[in-house]
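model_1.txt (compact mmCIF, C-alpha atoms) appears below.
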# COMPACT_ATOMS: atom_id res chain seq x y z
CA MET O 1 0.00 0.00 0.00
CA LYS O 2 1.24 3.46 -0.91
CA VAL O 3 2.08 5.58 2.12
CA ARG O 4 2.98 9.26 2.07
CA VAL O 5 4.43 10.67 5.25
CA THR O 6 6.42 13.68 6.32
CA VAL O 7 9.26 12.81 8.68
CA ASN O 8 11.24 15.58 10.33
CA GLY O 9 10.01 17.96 7.65
CA ALA O 10 10.97 15.81 4.64
CA PRO O 11 8.28 14.16 2.51
CA TYR O 12 8.52 10.43 1.74
CA GLU O 13 6.48 8.04 -0.33
CA HIS O 14 6.85 4.29 -0.15
CA ASP O 15 4.90 1.20 -1.08
CA LEU O 16 4.65 -0.69 2.21
CA GLU O 17 3.32 -3.97 3.49
CA PRO O 18 0.37 -3.23 5.81
CA ARG O 19 1.97 -5.20 8.63
CA LEU O 20 5.09 -3.04 8.73
CA LEU O 21 5.27 -1.27 12.09
CA LEU O 22 5.98 2.45 12.10
CA VAL O 23 9.13 1.96 14.17
CA HIS O 24 10.50 -0.50 11.61
CA TYR O 25 9.64 1.90 8.79
CA LEU O 26 11.57 4.68 10.53
CA ARG O 27 14.56 2.51 11.40
CA ASP O 28 14.84 0.06 8.53
CA VAL O 29 13.38 1.93 5.56
CA LEU O 30 14.36 5.51 6.39
CA GLY O 31 17.49 4.62 8.38
CA LEU O 32 16.44 6.80 11.32
CA THR O 33 17.83 4.55 14.03
CA GLY O 34 17.63 7.12 16.81
CA THR O 35 14.23 5.68 17.71
CA ASN O 36 14.89 2.54 19.72
CA VAL O 37 12.93 -0.67 20.06
CA GLY O 38 12.94 -1.65 23.71
CA CYS O 39 10.19 -3.93 24.97
CA ASP O 40 8.29 -4.13 21.67
CA THR O 41 5.05 -4.38 23.71
CA SER O 42 4.07 -0.68 24.13
CA SER O 43 5.30 -0.63 27.71
CA CYS O 44 8.77 0.95 27.81
CA GLY O 45 8.36 4.02 25.62
CA ALA O 46 11.82 3.79 23.99
CA CYS O 47 10.15 3.97 20.57
CA THR O 48 8.19 7.16 21.37
CA ILE O 49 7.89 9.59 18.47
CA LEU O 50 5.52 12.45 17.66
CA LEU O 51 2.64 11.66 15.30
CA ASN O 52 0.93 14.90 14.30
CA GLY O 53 2.46 16.41 17.44
CA ASP O 54 1.28 13.77 19.91
CA SER O 55 3.61 11.27 21.56
CA VAL O 56 2.90 7.69 20.48
CA LYS O 57 4.68 4.38 20.81
CA SER O 58 5.76 3.61 17.26
CA CYS O 59 6.03 -0.13 17.97
CA THR O 60 2.23 -0.17 18.31
CA VAL O 61 1.35 1.88 15.23
CA LEU O 62 1.27 0.44 11.72
CA ALA O 63 3.15 2.51 9.17
CA VAL O 64 -0.03 2.62 7.04
CA GLN O 65 -1.80 4.33 9.95
CA ALA O 66 0.70 7.19 9.61
CA ASP O 67 -0.23 7.83 5.96
CA GLY O 68 -0.61 11.56 5.48
CA ALA O 69 0.77 12.35 8.91
CA GLU O 70 3.63 14.46 10.18
CA VAL O 71 6.15 12.41 12.12
CA LYS O 72 8.92 13.78 14.28
CA THR O 73 11.73 11.64 15.63
CA ILE O 74 14.71 12.43 17.82
CA GLU O 75 16.70 13.20 14.64
CA GLY O 76 14.31 16.08 13.97
CA MET O 77 14.76 17.77 17.35
CA ALA O 78 18.13 19.51 16.95
CA GLY O 79 18.20 22.70 14.93
CA SER O 80 20.42 23.53 11.99
CA GLY O 81 24.15 23.46 12.66
CA GLY O 82 23.76 20.85 15.40
CA MET O 83 22.12 23.23 17.87
CA LEU O 84 20.46 20.99 20.43
CA HIS O 85 16.75 21.37 21.13
CA PRO O 86 16.17 23.01 24.55
CA ILE O 87 14.94 19.66 25.94
CA GLN O 88 18.08 17.91 24.69
CA GLU O 89 20.19 20.74 26.10
CA ALA O 90 18.48 20.31 29.48
CA PHE O 91 19.06 16.53 29.45
CA SER O 92 22.74 17.20 28.78
CA GLU O 93 23.00 19.91 31.42
CA HIS O 94 21.23 17.91 34.15
CA HIS O 95 22.67 14.48 33.36
CA GLY O 96 19.26 13.20 32.37
CA LEU O 97 20.73 10.02 30.94
CA GLN O 98 23.11 7.24 31.85
CA CYS O 99 23.22 4.48 29.21
CA GLY O 100 21.11 6.59 26.87
CA PHE O 101 18.85 3.86 25.53
CA CYS O 102 15.61 5.38 26.82
CA THR O 103 16.71 8.94 26.03
CA PRO O 104 15.20 9.43 22.55
CA GLY O 105 11.84 8.21 23.81
CA MET O 106 12.12 10.29 26.97
CA VAL O 107 12.92 13.44 24.97
CA MET O 108 10.00 12.89 22.57
CA ALA O 109 7.59 12.07 25.42
CA ALA O 110 8.80 15.19 27.22
CA ALA O 111 8.27 17.33 24.11
CA SER O 112 4.65 16.17 23.80
CA PHE O 113 4.07 16.51 27.55
CA LEU O 114 5.45 20.07 27.66
CA GLU O 115 3.29 21.02 24.69
CA GLU O 116 0.22 19.96 26.73
CA HIS O 117 1.59 21.17 30.11
CA PRO O 118 3.83 24.22 29.51
CA ASP O 119 4.22 24.99 33.22
CA PRO O 120 4.23 21.64 35.01
CA THR O 121 4.87 20.75 38.63
CA GLU O 122 7.40 18.06 39.46
CA ALA O 123 4.58 15.63 40.23
CA GLU O 124 3.00 16.33 36.84
CA VAL O 125 6.32 15.67 35.09
CA ARG O 126 6.68 12.34 36.89
CA GLU O 127 3.15 11.33 35.95
CA GLY O 128 3.56 12.68 32.43
CA LEU O 129 6.54 10.39 31.84
CA GLU O 130 4.86 7.28 33.24
CA GLY O 131 4.92 5.70 29.80
CA ASN O 132 8.71 5.70 29.62
CA LEU O 133 10.96 3.35 31.54
CA CYS O 134 14.61 4.01 32.38
CA ARG O 135 16.41 0.87 33.42
CA CYS O 136 19.34 2.85 34.82
CA THR O 137 16.63 4.29 37.12
CA GLY O 138 17.88 7.76 36.38
CA TYR O 139 14.43 9.26 36.73
CA HIS O 140 15.43 11.99 39.15
CA ASN O 141 17.70 13.80 36.72
CA ILE O 142 15.30 13.22 33.84
CA VAL O 143 12.58 14.99 35.83
CA LYS O 144 15.02 17.80 36.67
CA ALA O 145 15.89 18.15 33.00
CA VAL O 146 12.24 18.34 31.90
CA LEU O 147 11.46 20.93 34.59
CA ALA O 148 14.52 22.93 33.52
CA ALA O 149 13.43 22.78 29.88
CA ALA O 150 9.96 24.00 30.86
CA ARG O 151 11.46 26.93 32.75
CA SER O 152 14.10 27.76 30.14
CA GLY O 153 11.69 29.97 28.25
CA GLU O 154 13.10 28.53 25.03
CA LEU O 155 10.26 26.18 24.10
CA GLY O 156 8.18 27.37 21.18
CA MET Y 1 7.50 -9.04 16.91
CA ILE Y 2 5.76 -8.74 13.58
CA PRO Y 3 2.09 -9.43 12.90
CA ALA Y 4 1.05 -12.16 10.49
CA LYS Y 5 0.16 -10.94 7.01
CA PHE Y 6 -3.19 -9.25 6.57
CA GLY Y 7 -5.03 -7.16 4.03
CA TYR Y 8 -5.73 -3.53 4.84
CA ARG Y 9 -8.57 -1.25 3.81
CA ARG Y 10 -9.25 2.25 5.01
CA ALA Y 11 -12.94 2.98 5.52
CA GLY Y 12 -14.09 6.44 4.49
CA SER Y 13 -17.44 6.08 6.25
CA VAL Y 14 -19.31 3.87 8.70
CA GLU Y 15 -21.24 2.43 5.72
CA GLU Y 16 -18.00 1.48 3.99
CA ALA Y 17 -16.70 -0.16 7.16
CA LEU Y 18 -19.93 -2.12 7.51
CA SER Y 19 -19.92 -3.31 3.91
CA ASN Y 20 -16.36 -4.60 4.41
CA LEU Y 21 -17.46 -6.45 7.53
CA SER Y 22 -20.47 -7.93 5.72
CA GLU Y 23 -18.24 -9.11 2.90
CA HIS Y 24 -15.52 -10.67 5.07
CA GLY Y 25 -17.38 -11.78 8.20
CA ASP Y 26 -15.32 -12.64 11.24
CA GLU Y 27 -12.12 -12.81 9.15
CA ALA Y 28 -12.11 -9.01 9.28
CA LYS Y 29 -11.36 -6.81 12.27
CA LEU Y 30 -11.93 -3.11 12.76
CA LEU Y 31 -8.83 -1.08 13.55
CA ALA Y 32 -9.29 2.17 15.51
CA GLY Y 33 -6.30 3.30 17.59
CA GLY Y 34 -4.96 -0.24 17.47
CA HIS Y 35 -3.75 -0.27 21.07
CA SER Y 36 -5.57 -3.47 21.98
CA LEU Y 37 -5.55 -5.17 18.57
CA VAL Y 38 -2.02 -4.49 17.30
CA PRO Y 39 -0.31 -5.92 20.45
CA LEU Y 40 -2.45 -9.07 20.07
CA MET Y 41 -1.51 -9.30 16.40
CA LYS Y 42 2.18 -8.88 17.19
CA LEU Y 43 1.90 -11.81 19.59
CA ARG Y 44 -0.04 -13.69 16.86
CA LEU Y 45 -2.87 -14.17 19.33
CA ALA Y 46 -5.03 -12.43 16.74
CA THR Y 47 -4.54 -13.15 13.04
CA PRO Y 48 -7.33 -11.39 11.13
CA SER Y 49 -7.00 -11.67 7.36
CA LEU Y 50 -8.32 -8.14 6.86
CA LEU Y 51 -8.04 -4.96 8.89
CA VAL Y 52 -10.65 -2.32 8.20
CA ASP Y 53 -9.15 0.94 9.42
CA VAL Y 54 -11.86 3.21 10.87
CA GLY Y 55 -9.33 5.39 12.70
CA ARG Y 56 -9.93 8.37 10.42
CA LEU Y 57 -13.70 8.61 10.84
CA ALA Y 58 -13.52 11.98 12.56
CA GLU Y 59 -17.33 12.13 12.70
CA LEU Y 60 -17.17 9.45 15.41
CA SER Y 61 -14.90 11.51 17.66
CA TYR Y 62 -17.07 13.67 19.92
CA VAL Y 63 -18.33 14.16 23.47
CA ARG Y 64 -21.85 15.62 23.37
CA ASP Y 65 -24.25 16.89 25.99
CA THR Y 66 -27.78 15.73 25.08
CA GLY Y 67 -29.68 16.93 28.15
CA ASP Y 68 -29.85 14.01 30.55
CA HIS Y 69 -27.13 11.97 28.81
CA VAL Y 70 -23.61 12.34 27.51
CA GLU Y 71 -22.79 10.73 24.16
CA VAL Y 72 -19.24 9.75 23.37
CA GLY Y 73 -18.29 8.82 19.81
CA ALA Y 74 -16.58 5.46 19.57
CA LEU Y 75 -13.42 6.96 18.06
CA THR Y 76 -12.89 9.51 20.83
CA CYS Y 77 -9.38 8.94 22.15
CA HIS Y 78 -8.79 8.65 25.88
CA ARG Y 79 -6.92 11.96 26.03
CA ASP Y 80 -9.84 13.84 24.46
CA LEU Y 81 -12.39 12.19 26.75
CA ALA Y 82 -10.27 12.91 29.83
CA ALA Y 83 -9.97 16.57 28.78
CA SER Y 84 -13.59 17.04 27.68
CA ALA Y 85 -15.38 19.78 29.64
CA VAL Y 86 -18.73 18.06 29.00
CA ALA Y 87 -17.46 14.76 30.41
CA ARG Y 88 -15.68 16.38 33.35
CA THR Y 89 -18.80 18.29 34.32
CA HIS Y 90 -21.50 15.68 33.81
CA VAL Y 91 -19.76 12.30 34.11
CA PRO Y 92 -16.55 13.13 35.96
CA VAL Y 93 -15.91 9.47 36.73
CA LEU Y 94 -15.75 8.64 33.03
CA ALA Y 95 -13.32 11.49 32.29
CA HIS Y 96 -11.19 10.49 35.26
CA VAL Y 97 -11.04 6.82 34.31
CA ALA Y 98 -10.15 7.72 30.70
CA GLY Y 99 -7.24 9.72 32.10
CA GLN Y 100 -5.98 6.67 34.00
CA VAL Y 101 -5.80 4.28 31.05
CA GLY Y 102 -2.25 3.20 30.23
CA ASP Y 103 0.02 6.19 29.83
CA PRO Y 104 -0.02 9.44 27.80
CA GLN Y 105 1.17 7.77 24.59
CA VAL Y 106 -1.54 5.11 24.87
CA ARG Y 107 -4.17 7.76 25.64
CA HIS Y 108 -3.19 9.66 22.49
CA ARG Y 109 -4.05 6.63 20.32
CA GLY Y 110 -6.47 4.39 22.22
CA THR Y 111 -10.20 5.01 21.78
CA ILE Y 112 -13.18 4.39 24.05
CA GLY Y 113 -14.86 2.32 21.33
CA GLY Y 114 -11.81 0.15 20.88
CA SER Y 115 -11.49 -0.42 24.60
CA ILE Y 116 -15.17 -1.30 25.05
CA ALA Y 117 -15.36 -3.49 21.92
CA HIS Y 118 -12.24 -5.38 23.01
CA GLY Y 119 -14.12 -6.38 26.18
CA ASP Y 120 -11.03 -6.99 28.27
CA PRO Y 121 -11.96 -7.71 31.92
CA ALA Y 122 -8.73 -5.94 32.98
CA SER Y 123 -9.65 -2.67 31.22
CA ASP Y 124 -10.85 0.33 33.17
CA LEU Y 125 -13.34 1.97 30.80
CA PRO Y 126 -15.76 -0.97 30.49
CA ALA Y 127 -16.13 -0.95 34.28
CA ALA Y 128 -16.85 2.79 34.26
CA VAL Y 129 -19.54 2.41 31.60
CA LEU Y 130 -21.05 -0.50 33.54
CA ALA Y 131 -21.18 1.42 36.82
CA LEU Y 132 -22.73 4.40 35.06
CA GLY Y 133 -25.49 2.20 33.62
CA GLY Y 134 -24.41 3.14 30.10
CA THR Y 135 -25.64 1.99 26.71
CA LEU Y 136 -23.62 0.88 23.71
CA VAL Y 137 -24.85 1.97 20.29
CA VAL Y 138 -24.03 -0.47 17.52
CA ARG Y 139 -24.61 -0.22 13.77
CA GLY Y 140 -24.92 -3.12 11.36
CA PRO Y 141 -26.57 -4.17 8.12
CA GLN Y 142 -29.95 -4.23 9.88
CA GLY Y 143 -29.50 -0.70 11.17
CA ARG Y 144 -28.83 0.63 14.61
CA ARG Y 145 -29.39 -1.05 17.95
CA GLU Y 146 -28.73 -0.12 21.55
CA ILE Y 147 -27.35 -2.59 24.05
CA PRO Y 148 -27.33 -1.94 27.80
CA ALA Y 149 -23.80 -2.27 29.20
CA THR Y 150 -25.08 -4.93 31.60
CA GLU Y 151 -25.91 -7.17 28.60
CA PHE Y 152 -22.90 -6.27 26.47
CA PHE Y 153 -19.98 -8.22 27.94
CA ARG Y 154 -20.56 -11.90 27.19
CA GLY Y 155 -17.28 -13.71 27.90
CA PHE Y 156 -13.52 -13.28 27.82
CA LEU Y 157 -12.85 -10.70 25.07
CA GLU Y 158 -16.35 -11.42 23.81
CA THR Y 159 -19.13 -8.85 23.46
CA ALA Y 160 -22.64 -8.61 22.05
CA ILE Y 161 -21.32 -6.99 18.84
CA ALA Y 162 -21.94 -9.30 15.87
CA PRO Y 163 -19.09 -9.80 13.35
CA ASP Y 164 -20.87 -7.55 10.84
CA GLU Y 165 -21.57 -4.76 13.34
CA MET Y 166 -19.61 -1.78 14.56
CA LEU Y 167 -19.75 0.04 17.89
CA THR Y 168 -20.36 3.70 17.07
CA GLU Y 169 -21.27 5.39 20.34
CA VAL Y 170 -21.14 5.04 24.10
CA ARG Y 171 -24.01 6.76 25.89
CA VAL Y 172 -24.06 7.32 29.64
CA PRO Y 173 -26.58 9.08 31.90
CA LYS Y 174 -25.29 12.21 33.59
CA VAL Y 175 -24.03 11.41 37.07
CA PRO Y 176 -22.35 14.50 38.41
CA GLY Y 177 -22.55 13.28 42.03
CA GLY Y 178 -20.26 11.12 44.14
CA TRP Y 179 -17.96 8.62 42.49
CA SER Y 180 -14.74 6.79 43.05
CA PHE Y 181 -12.20 4.89 40.99
CA GLN Y 182 -9.83 2.60 42.88
CA LYS Y 183 -7.09 0.87 40.92
CA LEU Y 184 -4.30 -1.17 42.35
CA SER Y 185 -1.39 -1.97 40.08
CA ARG Y 186 2.26 -2.64 40.82
CA ARG Y 187 3.62 -0.09 38.36
CA ALA Y 188 2.19 3.19 37.14
CA GLN Y 189 1.16 2.11 33.65
CA ASP Y 190 0.10 -1.46 34.45
CA TRP Y 191 -3.33 -2.98 34.09
CA ALA Y 192 -5.28 -3.04 37.34
CA ILE Y 193 -4.67 -6.12 39.49
CA VAL Y 194 -8.13 -5.22 40.74
CA GLY Y 195 -10.06 -2.04 40.02
CA VAL Y 196 -13.35 -0.70 41.33
CA VAL Y 197 -15.67 1.98 40.00
CA ALA Y 198 -18.40 3.21 42.34
CA VAL Y 199 -21.11 5.71 41.47
CA ALA Y 200 -23.33 7.09 44.23
CA ASP Y 201 -26.46 8.06 42.34
CA GLY Y 202 -29.27 6.91 44.59
CA SER Y 203 -28.35 3.41 45.69
CA PRO Y 204 -24.64 3.03 44.80
CA ARG Y 205 -23.64 1.10 41.70
CA VAL Y 206 -20.33 -0.71 41.78
CA SER Y 207 -18.33 -2.45 39.07
CA LEU Y 208 -15.15 -4.50 39.16
CA VAL Y 209 -12.06 -4.65 36.95
CA HIS Y 210 -10.14 -7.93 36.54
CA MET Y 211 -12.38 -9.99 38.82
CA GLY Y 212 -13.68 -12.50 36.26
CA SER Y 213 -13.79 -13.29 32.58
CA THR Y 214 -15.68 -10.07 31.81
CA PRO Y 215 -16.00 -6.60 33.31
CA LEU Y 216 -18.56 -7.08 36.10
CA ARG Y 217 -21.15 -5.33 38.20
CA ALA Y 218 -20.65 -6.17 41.87
CA THR Y 219 -24.23 -7.34 42.28
CA THR Y 220 -23.73 -8.87 45.75
CA VAL Y 221 -22.49 -5.49 47.00
CA GLU Y 222 -25.28 -3.55 45.31
CA GLU Y 223 -27.96 -5.89 46.65
CA ALA Y 224 -26.54 -5.75 50.18
CA LEU Y 225 -26.61 -1.95 50.06
CA ALA Y 226 -30.17 -1.95 48.75
CA ASP Y 227 -31.10 -4.23 51.68
CA GLY Y 228 -29.71 -1.70 54.15
CA ALA Y 229 -26.25 -3.15 54.82
CA THR Y 230 -23.53 -0.77 56.01
CA LEU Y 231 -20.80 0.12 53.51
CA ALA Y 232 -18.37 -2.19 55.32
CA GLU Y 233 -20.81 -5.10 55.37
CA ALA Y 234 -21.64 -4.66 51.72
CA ALA Y 235 -17.97 -4.35 50.72
CA SER Y 236 -17.09 -7.54 52.58
CA ARG Y 237 -19.27 -9.42 50.08
CA ALA Y 238 -17.46 -8.08 46.99
CA GLY Y 239 -15.64 -11.31 46.17
CA GLU Y 240 -18.59 -13.63 46.69
CA GLY Y 241 -19.47 -15.89 43.80
CA LEU Y 242 -16.68 -14.51 41.61
CA ASP Y 243 -13.97 -16.48 39.86
CA PRO Y 244 -11.09 -14.05 39.29
CA PRO Y 245 -7.92 -15.14 37.50
CA SER Y 246 -4.66 -16.15 39.17
CA ASP Y 247 -1.61 -14.75 37.42
CA ILE Y 248 1.90 -13.45 38.00
CA ASN Y 249 0.56 -10.43 39.91
CA ALA Y 250 -1.98 -12.00 42.23
CA SER Y 251 -3.75 -15.21 43.17
CA ALA Y 252 -7.51 -15.47 42.84
CA GLU Y 253 -7.76 -15.50 46.63
CA PHE Y 254 -5.76 -12.28 46.93
CA ARG Y 255 -7.91 -10.67 44.24
CA ARG Y 256 -11.08 -11.54 46.17
CA HIS Y 257 -9.57 -9.99 49.30
CA LEU Y 258 -8.41 -6.94 47.38
CA ALA Y 259 -11.90 -6.46 45.95
CA THR Y 260 -13.40 -6.19 49.45
CA VAL Y 261 -10.80 -3.59 50.47
CA LEU Y 262 -11.05 -1.52 47.30
CA VAL Y 263 -14.86 -1.66 47.19
CA HIS Y 264 -14.97 -0.35 50.75
CA ARG Y 265 -12.64 2.52 49.88
CA ALA Y 266 -14.66 3.25 46.74
CA LEU Y 267 -17.98 3.27 48.61
CA VAL Y 268 -16.61 5.55 51.32
CA GLU Y 269 -15.25 7.98 48.78
CA ALA Y 270 -18.26 7.90 46.46
CA THR Y 271 -20.83 8.40 49.21
CA GLY Y 272 -18.75 10.91 51.15
CA ALA Y 273 -19.18 8.79 54.29
CA GLY Y 274 -16.66 8.91 57.11
CA VAL Y 275 -14.46 5.82 57.38
What is this structure when it is put down as structure tokens?
Amino acid sequence: MKVRVTVNGAPYEHDLEPRLLLVHYLRDVLGLTGTNVGCDTSSCGACTILLNGDSVKSCTVLAVQADGAEVKTIEGMAGSGGMLHPIQEAFSEHHGLQCGFCTPGMVMAAASFLEEHPDPTEAEVREGLEGNLCRCTGYHNIVKAVLAAARSGELG
Amino acid sequence: MIPAKFGYRRAGSVEEALSNLSEHGDEAKLLAGGHSLVPLMKLRLATPSLLVDVGRLAELSYVRDTGDHVEVGALTCHRDLAASAVARTHVPVLAHVAGQVGDPQVRHRGTIGGSIAHGDPASDLPAAVLALGGTLVVRGPQGRREIPATEFFRGFLETAIAPDEMLTEVRVPKVPGGWSFQKLSRRAQDWAIVGVVAVADGSPRVSLVHMGSTPLRATTVEEALADGATLAEAASRAGEGLDPPSDINASAEFRRHLATVLVHRALVEATGAGV
């Protein structure tokens, strides 16, 4: 089936098998391997991307369901010239990662969360990231980073 | 994990979805948000030969105030239901429960119709619709019919929807008064080990999550309350006659105990009684 999708601002068109998962389309067809496959059961959130601006777990979305949609992955977060996105900058500043495996999903979940909650409390951040697991259990600094990004005044 | 091969059609209207179902019978499955069906397909526990994608039928995404009822379109996602001013004002328990399903990513995709049609006894929304005394509106080749929630859940993952029918709307009476949702799970995003929805609208109505093969009304509790039992006495009967599952999270015996504790908490909160 023919699928047209915009990923990180660039338009793509591919003929895809209906059973192809969105995460496999991003990784294997487009080569955007920043989005990780963790649990593959919509629990861990490592595969979180933005679909028309909303965070979704791309291991539980068929690529054909994204036809006509705007997708954003971790590769689309940094600005031109390698300027980190304010959320990425905050993760770096506050050591919001250890092994880094959950980080792309955490950053994308945080982006969607901050869009819906521009001025969150710490408790709201913790609840807002409940769909993302960090096996290094580095949650504390992740929460600090998301709060710092919210307060940076640099989010659009 | 990759689903088995299937055909895919995108329905542009309810009629188109229904004609696909009529043509393909129970070989076809409707796909809405896909957050119950796609995981089952990845595990090859479901292997439909055709998916009929109804996820783009925007006309079935709404929360409407119709006087004494609230109507929720089957394709309303959990996030939109949780945020709906109509739902929060007139059926706050339904908005609250929608906001407790899964996690934000799941709530962005999952729909109330998908959750109800899936009929999972461990899901939260079916219990909320049961406690509210809701009605499920279904369309099929013979037209439209309404099924009371109490007659809708027939067995494990089995509902009263025929293979050639589609759930289009969930209708619940307005219950702005006391309510409670109690959910015990080990981790934030997990399914409830046991959940309880209580609605104090006249004599309290109580429903149970994960206490049998279907979402259930706690009839022993409701009858005890109607007969004048105290909240504690009624709650102590919550596990009677039920056959909950034993699994990695809890034994059936523990679930029956948990039901009595959570029903008591739910009744106290919903009725505003002191402990």
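For chain O, the residues no farther than 7 Å from chain Y when using all atoms listed in the file are Pro18, Arg19, Asp40, Thr41, Asp54, Ser55, Val56, Lys57, Thr60, Gly128, Glu130 and Gly131 of chain O.
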Could you save those same residues with C-alpha atoms as an mmCIF file, in the frame of the given file?
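The result, stored in again.cif:
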data_model
loop_
_atom_site.group_PDB
_atom_site.id
_atom_site.type_symbol
_atom_site.label_atom_id
_atom_site.label_comp_id
_atom_site.auth_asym_id
_atom_site.auth_seq_id
_atom_site.Cartn_x
_atom_site.Cartn_y
_atom_site.Cartn_z
ATOM 1 C CA PRO O 18 0.370 -3.230 5.810
ATOM 2 C CA ARG O 19 1.970 -5.200 8.630
ATOM 3 C CA ASP O 40 8.290 -4.130 21.670
ATOM 4 C CA THR O 41 5.050 -4.380 23.710
ATOM 5 C CA ASP O 54 1.280 13.770 19.910
ATOM 6 C CA SER O 55 3.610 11.270 21.560
ATOM 7 C CA VAL O 56 2.900 7.690 20.480
ATOM 8 C CA LYS O 57 4.680 4.380 20.810
ATOM 9 C CA THR O 60 2.230 -0.170 18.310
ATOM 10 C CA GLY O 128 3.560 12.680 32.430
ATOM 11 C CA GLU O 130 4.860 7.280 33.240
ATOM 12 C CA GLY O 131 4.920 5.700 29.800
#
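With all atoms listed in the file as the atoms that count, the residue of O:Val7, O:Val37, O:Ala145, O:Cys44 with the shortest distance to Met77 of chain O is O:Val7.
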TODO: Work out how far atom CA of Ala66 of chain O is from atom CA of Val107 of chain O, in Å to one decimal.
DONE: 20.6 Å
Task: Residue among O:Ala150, O:Leu51, O:Leu155, O:Val3 lying closest to Glu17 of chain O, counting only C-alpha atoms - done: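 Looking only at the distances to Glu17 of chain O, the closest residue turns out to be O:Val3.
Interatomic distance, atom CA of Leu30 of chain O to atom CA of Leu133 of chain O: 25.5 Å.
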Open item on the list: What's around Asn249 of chain Y at 12 Å? Count all atoms listed in the file, leave out sequence neighbours fewer than 2 positions away in its own chain, and write the answer as number ranges by chain.
Closed with: Y: 184-187, 190-194, 210, 245-247, 251-255
Restricting it to C-alpha atoms, dump the selection as a compact mmCIF listing (two decimals), in the frame of the given file.
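The new file again20.txt reads:
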# COMPACT_ATOMS: atom_id res chain seq x y z
CA LEU Y 184 -4.30 -1.17 42.35
CA SER Y 185 -1.39 -1.97 40.08
CA ARG Y 186 2.26 -2.64 40.82
CA ARG Y 187 3.62 -0.09 38.36
CA ASP Y 190 0.10 -1.46 34.45
CA TRP Y 191 -3.33 -2.98 34.09
CA ALA Y 192 -5.28 -3.04 37.34
CA ILE Y 193 -4.67 -6.12 39.49
CA VAL Y 194 -8.13 -5.22 40.74
CA HIS Y 210 -10.14 -7.93 36.54
CA PRO Y 245 -7.92 -15.14 37.50
CA SER Y 246 -4.66 -16.15 39.17
CA ASP Y 247 -1.61 -14.75 37.42
CA SER Y 251 -3.75 -15.21 43.17
CA ALA Y 252 -7.51 -15.47 42.84
CA GLU Y 253 -7.76 -15.50 46.63
CA PHE Y 254 -5.76 -12.28 46.93
CA ARG Y 255 -7.91 -10.67 44.24
- [ ] Name the residues in contact with Val146 of chain O at a cut-off of 7 Å, using only C-alpha atoms, excluding same-chain residues fewer than 4 positions from it; report them as a list in words.
- [x] Ile87, Ala90, Ala110, Ile142 and Ala150 of chain O
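Here atom CA of Ala11 of chain Y stands at a distance of 20.6 Å from atom CA of His14 of chain O.
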Got a sec: who's within 8 Å of Cys59 of chain O, counting all atoms listed in the file, leaving out chain neighbours fewer than 3 positions off, as a CSV table (one decimal) with C-alpha atoms, in the coordinates of the input?
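File written: result-v9.csv
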chain,number,residue,atom,x,y,z
O,21,LEU,CA,5.3,-1.3,12.1
O,22,LEU,CA,6.0,2.4,12.1
O,23,VAL,CA,9.1,2.0,14.2
O,24,HIS,CA,10.5,-0.5,11.6
O,37,VAL,CA,12.9,-0.7,20.1
O,40,ASP,CA,8.3,-4.1,21.7
O,41,THR,CA,5.0,-4.4,23.7
O,42,SER,CA,4.1,-0.7,24.1
O,47,CYS,CA,10.2,4.0,20.6
O,62,LEU,CA,1.3,0.4,11.7
- [ ] Within 8 Å of Pro176 of chain Y, counting only C-alpha atoms, which residues show up once you throw out same-chain ones fewer than 5 positions away? Write them as a list in words, please.
- [x] Thr89, His90, Val91 and Pro92 of chain Y
TODO: Determine, counting all atoms listed in the file, which protein, DNA and RNA residues have an atom within 9 Å of an atom of segment 114-128 of chain Y; residues of the same chain fewer than 3 positions away are not included. Present the result as number ranges by chain.
DONE: Y: 30-37, 74-75, 93-94, 97-98, 100-101, 110-111, 131-134, 136, 149, 152-161, 166-167, 170, 181, 183, 191-199, 206-217
Restore N, CA and C atoms in segment 125-131 of chain O and list the result as a CSV table (one decimal), keeping the file's coordinate frame.
chain,number,residue,atom,x,y,z
O,125,VAL,N,5.3,16.2,36.0
O,125,VAL,CA,6.3,15.7,35.1
O,125,VAL,C,6.5,14.2,35.3
O,126,ARG,N,6.5,13.8,36.6
O,126,ARG,CA,6.7,12.3,36.9
O,126,ARG,C,5.5,11.5,36.3
O,127,GLU,N,4.3,12.0,36.5
O,127,GLU,CA,3.2,11.3,36.0
O,127,GLU,C,3.1,11.4,34.4
O,128,GLY,N,3.6,12.5,33.9
O,128,GLY,CA,3.6,12.7,32.4
O,128,GLY,C,4.5,11.8,31.7
O,129,LEU,N,5.6,11.3,32.4
O,129,LEU,CA,6.5,10.4,31.8
O,129,LEU,C,6.3,8.9,32.3
O,130,GLU,N,5.1,8.6,32.7
O,130,GLU,CA,4.9,7.3,33.2
O,130,GLU,C,4.9,6.2,32.1
O,131,GLY,N,4.8,6.6,30.9
O,131,GLY,CA,4.9,5.7,29.8
O,131,GLY,C,6.3,5.4,29.3
